[in-house]
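Below is one structure; the comments refer to it alone.
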Amino acid sequence: MRMRTKNLVGLIYMAPALVFVAAFVLVPFGQLIYTSFTDASLLGGSKWVGVANYVRIWGDSNFWKALIFTLKYTVIITPILMVSGYLLALLTAQNRPVLQFARGVIFMPVVIGLGTSSLLWFWLFDQQVGLFDKALVDLHIADRMLVWFTSADMALWAVIISVVWKVVGFGMILFVAAIQSISRDVTEASMIDGASYWQRVGRIYLPLTSRTVLLVTLISAIGSMLAFEQLYIMTGGGPRGLTFSSVYWVYQSSFIKFQLGYGSALSIVLTAIIMTGAAIQITLTARRAA
Amino acid sequence: MSEAVLSQRSARVASRSRTLSGDAPVRYLIGAIAVFIAALMLAPVVLSFFASIKTGADASASPPSYLPHALSIENYQKIISYQAGLWSYVSNSVIVAAIAIAIVVALAVPAGYGLARFQFRFKEGLFLVLLLPLMIPYQALLIPLYLDFARIGLANTQLGLAIIHAMLQIPFSVYLMRNSFEGIPRELEEAAVIDGCNSWQTFLRVSLRLVFPGVVTIALFAFITSWNELLAALILMNKETEFTVPIMLVGVRTGHFGAVDWGALQAGIIVAILPCLLIYVFLQKYYVSGLLSGAVK
């Protein structure tokens, strides 16, 4: 009897949050699945079309282009973020005031919105008024103000530079925490054995922080697979529709072309991809907490 | 092990660590590189601020200059009177964020307490349900949410947008609150029970006070997420008067007749960055500790 009331009390504390998630995540997800089998339009009207939307996705070259672009973006930016984040963490890992200050500044862009930072970099990359372009000219890296957004490759790099600036501090902070939690005994023992600094990084730091590295890799990769703001603002999907990401393509299909049924099917495919990564992430985090 | 070997070892350790961190030139070099990188990271925001205090013509001049030629508040005046007026967008953003914070705190704090303090069937399974927003990206849910909200009158409302922003923060917040409550010694709560408090009173009078830093942290994260969020706002808010700051900025960037007012855009960017920056500078302790203890986000 006593156990029963205890059961109930714990559940009561959780109930509001559970109801909220059910109402605004689970039910909509059910609706999303249903809508993906209809030809629902933003202009109204909807009838059952079976798997027609999924068949259409299979043959939709724009979907594949967007998915491949998103994968390409993710595959390029994730290692850049990991390596630069880890190097910054190694550089600033000690708790000296000057390094703590540098860490604080490097982390700062993380709190700025992705939309805002994209606008900021859209300006810095502008061919007429962009100061990043001007700095490249002044440093003799470029011989004239560059045009970033008329070539898909240049546009991709512009987006990558801006996002690295915005999020590199996130990985750095987590890596610093992981490095600092390594026991001094281990590092000192390696010093006694005469290991050089980089040997220590390779044989001690990296193995002992591998879980954090994996976790940050997953968080970054999932975030990159869901890229939207940076492309919506900086490239607008251009040039010639070459820089649409998956989320951008869902947005375009659903809310610009009004095809909610098709957009729903695209969303389901996207969710399936993200779920796989998130499931691994949660398993890892839960194990750390245990 | 003999004394001699030991002291020899510690001497080697000492000399090693001197070459690594104790050695003055290396220390200075590391410090200098770190400061240099920090300056590079800060440059975009500083340049944007400088551009925002240029005159309008100076801000749009090509080739551009790094520093303003003359100081002016022209760009800020333009952004203040932009369309529905800056105040309208800022107050929309603040109200949405405030509602989102209220929802997140009201849901995540009790849920974290329930998870930390009680044993019940399917507990871990239900915890996973609360982590669902991590697995189902909200970007995918915007179609049904848009349709539902339109049906029940939540489209174009601050409450509707705040619900979506709160949903984004639920997993991180519940996770963090669960850890915070688990960090409190049970003895303190048991003492309260002996003094005659029931579960609810114990929660309110004892536990909640002890996890206050955690509550501040989830509120800060909810604010920053909500203040910065663009996609849901773009889809849900179709009326000029309901726009939030990020949508306003996209409008400024699109410009009139294809010409971007660069000065006004920089002023808008500074306005958008400022609250986040202030929170970060003054409440960094809460922010970074939250990030480290709840990196599920």
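Residues in the structure tokens are named by chain (A, B, ... in the order shown) and by number from 1 within that chain; ligands are numbered from 1 in the order shown.
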
Using only C-alpha atoms, which residues sit within 7 Å of stretch 40-47 of chain B once same-chain residues fewer than 2 positions away are excluded, as a list in words?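 My reading of the contact set: Val105, Ile106 and Trp165 of chain A; Phe36, Ile37, Ala38, Phe49, Phe50, Ala51 and Tyr66 of chain B.
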
Identify all residues of stretch 59-204 of chain B in alpha helix (DSSP H) (DSSP on the backbone) and supply them as a VMD selection string. chain B and resid 59 74 to 80 86 to 117 123 to 130 132 to 135 138 to 152 158 to 182 186 to 194 199 to 202

Hey, could you make a per-residue contact list for chain A against chain B with 6 Å as the cut-off, showing the nearest pair of atoms and its distance in Å to one decimal, counting only C-alpha atoms, sorted by chain and number, as JSON lines?
{"residue": "A:Asn7", "atom": "CA", "partner": "B:Phe120", "partner_atom": "CA", "distance": 4.7}
{"residue": "A:Gly10", "atom": "CA", "partner": "B:Gly114", "partner_atom": "CA", "distance": 4.5}
{"residue": "A:Tyr13", "atom": "CA", "partner": "B:Pro110", "partner_atom": "CA", "distance": 5.0}
{"residue": "A:Met14", "atom": "CA", "partner": "B:Ala111", "partner_atom": "CA", "distance": 4.1}
{"residue": "A:Pro16", "atom": "CA", "partner": "B:Leu107", "partner_atom": "CA", "distance": 5.9}
{"residue": "A:Ala17", "atom": "CA", "partner": "B:Leu107", "partner_atom": "CA", "distance": 4.9}
{"residue": "A:Pro28", "atom": "CA", "partner": "B:Pro144", "partner_atom": "CA", "distance": 5.3}
{"residue": "A:Leu32", "atom": "CA", "partner": "B:Pro144", "partner_atom": "CA", "distance": 5.8}
{"residue": "A:Ala102", "atom": "CA", "partner": "B:Ala38", "partner_atom": "CA", "distance": 5.2}
{"residue": "A:Val105", "atom": "CA", "partner": "B:Ala38", "partner_atom": "CA", "distance": 5.6}
{"residue": "A:Ile106", "atom": "CA", "partner": "B:Ala38", "partner_atom": "CA", "distance": 5.5}
{"residue": "A:Val111", "atom": "CA", "partner": "B:Cys276", "partner_atom": "CA", "distance": 5.9}
{"residue": "A:Ile112", "atom": "CA", "partner": "B:Ile273", "partner_atom": "CA", "distance": 5.9}
{"residue": "A:Gly113", "atom": "CA", "partner": "B:Asn228", "partner_atom": "CA", "distance": 4.5}
{"residue": "A:Gln128", "atom": "CA", "partner": "B:Ser62", "partner_atom": "CA", "distance": 5.3}
{"residue": "A:Val129", "atom": "CA", "partner": "B:Pro64", "partner_atom": "CA", "distance": 5.1}
{"residue": "A:Ile192", "atom": "CA", "partner": "B:Val13", "partner_atom": "CA", "distance": 5.6}
{"residue": "A:Ser267", "atom": "CA", "partner": "B:Ala140", "partner_atom": "CA", "distance": 4.7}
{"residue": "A:Thr271", "atom": "CA", "partner": "B:Ile136", "partner_atom": "CA", "distance": 5.8}
{"residue": "A:Met275", "atom": "CA", "partner": "B:Met135", "partner_atom": "CA", "distance": 4.8}
{"residue": "A:Ala278", "atom": "CA", "partner": "B:Met135", "partner_atom": "CA", "distance": 5.3}

Output C-alpha atoms for every residue in the selection just made, as an mmCIF file, in the first residue's frame.
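And here's result.cif as it stands now:
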data_model
loop_
_atom_site.group_PDB
_atom_site.id
_atom_site.type_symbol
_atom_site.label_atom_id
_atom_site.label_comp_id
_atom_site.auth_asym_id
_atom_site.auth_seq_id
_atom_site.Cartn_x
_atom_site.Cartn_y
_atom_site.Cartn_z
ATOM 1 C CA ASN A 7 4.418 5.276 -7.033
ATOM 2 C CA GLY A 10 6.464 10.362 -8.271
ATOM 3 C CA TYR A 13 5.336 15.256 -10.204
ATOM 4 C CA MET A 14 6.157 14.044 -13.708
ATOM 5 C CA PRO A 16 2.513 17.846 -16.262
ATOM 6 C CA ALA A 17 5.697 17.424 -18.294
ATOM 7 C CA PRO A 28 1.792 15.989 -33.589
ATOM 8 C CA LEU A 32 2.742 13.995 -39.112
ATOM 9 C CA ALA A 102 40.524 33.561 -23.755
ATOM 10 C CA VAL A 105 35.814 35.008 -25.271
ATOM 11 C CA ILE A 106 36.097 32.025 -27.625
ATOM 12 C CA VAL A 111 25.242 32.336 -26.923
ATOM 13 C CA ILE A 112 24.520 34.399 -30.046
ATOM 14 C CA GLY A 113 21.650 33.167 -32.204
ATOM 15 C CA GLN A 128 30.870 45.444 -51.593
ATOM 16 C CA VAL A 129 30.992 46.170 -47.860
ATOM 17 C CA ILE A 192 58.260 10.403 -15.710
ATOM 18 C CA SER A 267 9.948 15.269 -42.357
ATOM 19 C CA THR A 271 13.295 12.215 -38.381
ATOM 20 C CA MET A 275 16.617 9.483 -34.444
ATOM 21 C CA ALA A 278 20.063 10.898 -31.139
#

Any idea what the distance is between atom CA of A:Leu71 and atom CA of A:Met225?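 Computing it gives 6.8 Å between the two atoms.
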
To one decimal place in Å, what is the distance between atom CA of A:Ala189 and atom CA of A:Asn95?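 Between atom CA of A:Ala189 and atom CA of A:Asn95 the gap works out to 20.9 Å.
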
Neighbours of stretch 70-78 of chain B within 8 Å (only C-alpha atoms; same-chain residues fewer than 4 positions away dropped), as a PyMOL selection string? chain B and resi 52-56+82+263-264+266-268

Give me, please, the distance in Å between atom CA of B:Ala24 and atom CA of A:Val168, quoted to one decimal.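 Rounded to one decimal, the two atoms are 28.3 Å apart.
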
Using only C-alpha atoms, which protein or nucleic acid residues come within 7 Å of stretch 38-51 of chain A? Drop anything in the same chain fewer than 6 positions from it, and give the result as a PDB file with C-alpha atoms, in the first residue's frame.
ATOM      1  CA  PHE A 258       2.178  24.673 -49.772  1.00  0.00           C
ATOM      2  CA  GLN A 259       2.599  20.878 -50.144  1.00  0.00           C
ATOM      3  CA  LEU A 260       2.094  19.794 -46.544  1.00  0.00           C
ATOM      4  CA  GLY A 261       1.557  16.111 -47.344  1.00  0.00           C
ATOM      5  CA  TYR A 262       4.789  15.894 -49.251  1.00  0.00           C
TER       6      TYR A 262
END
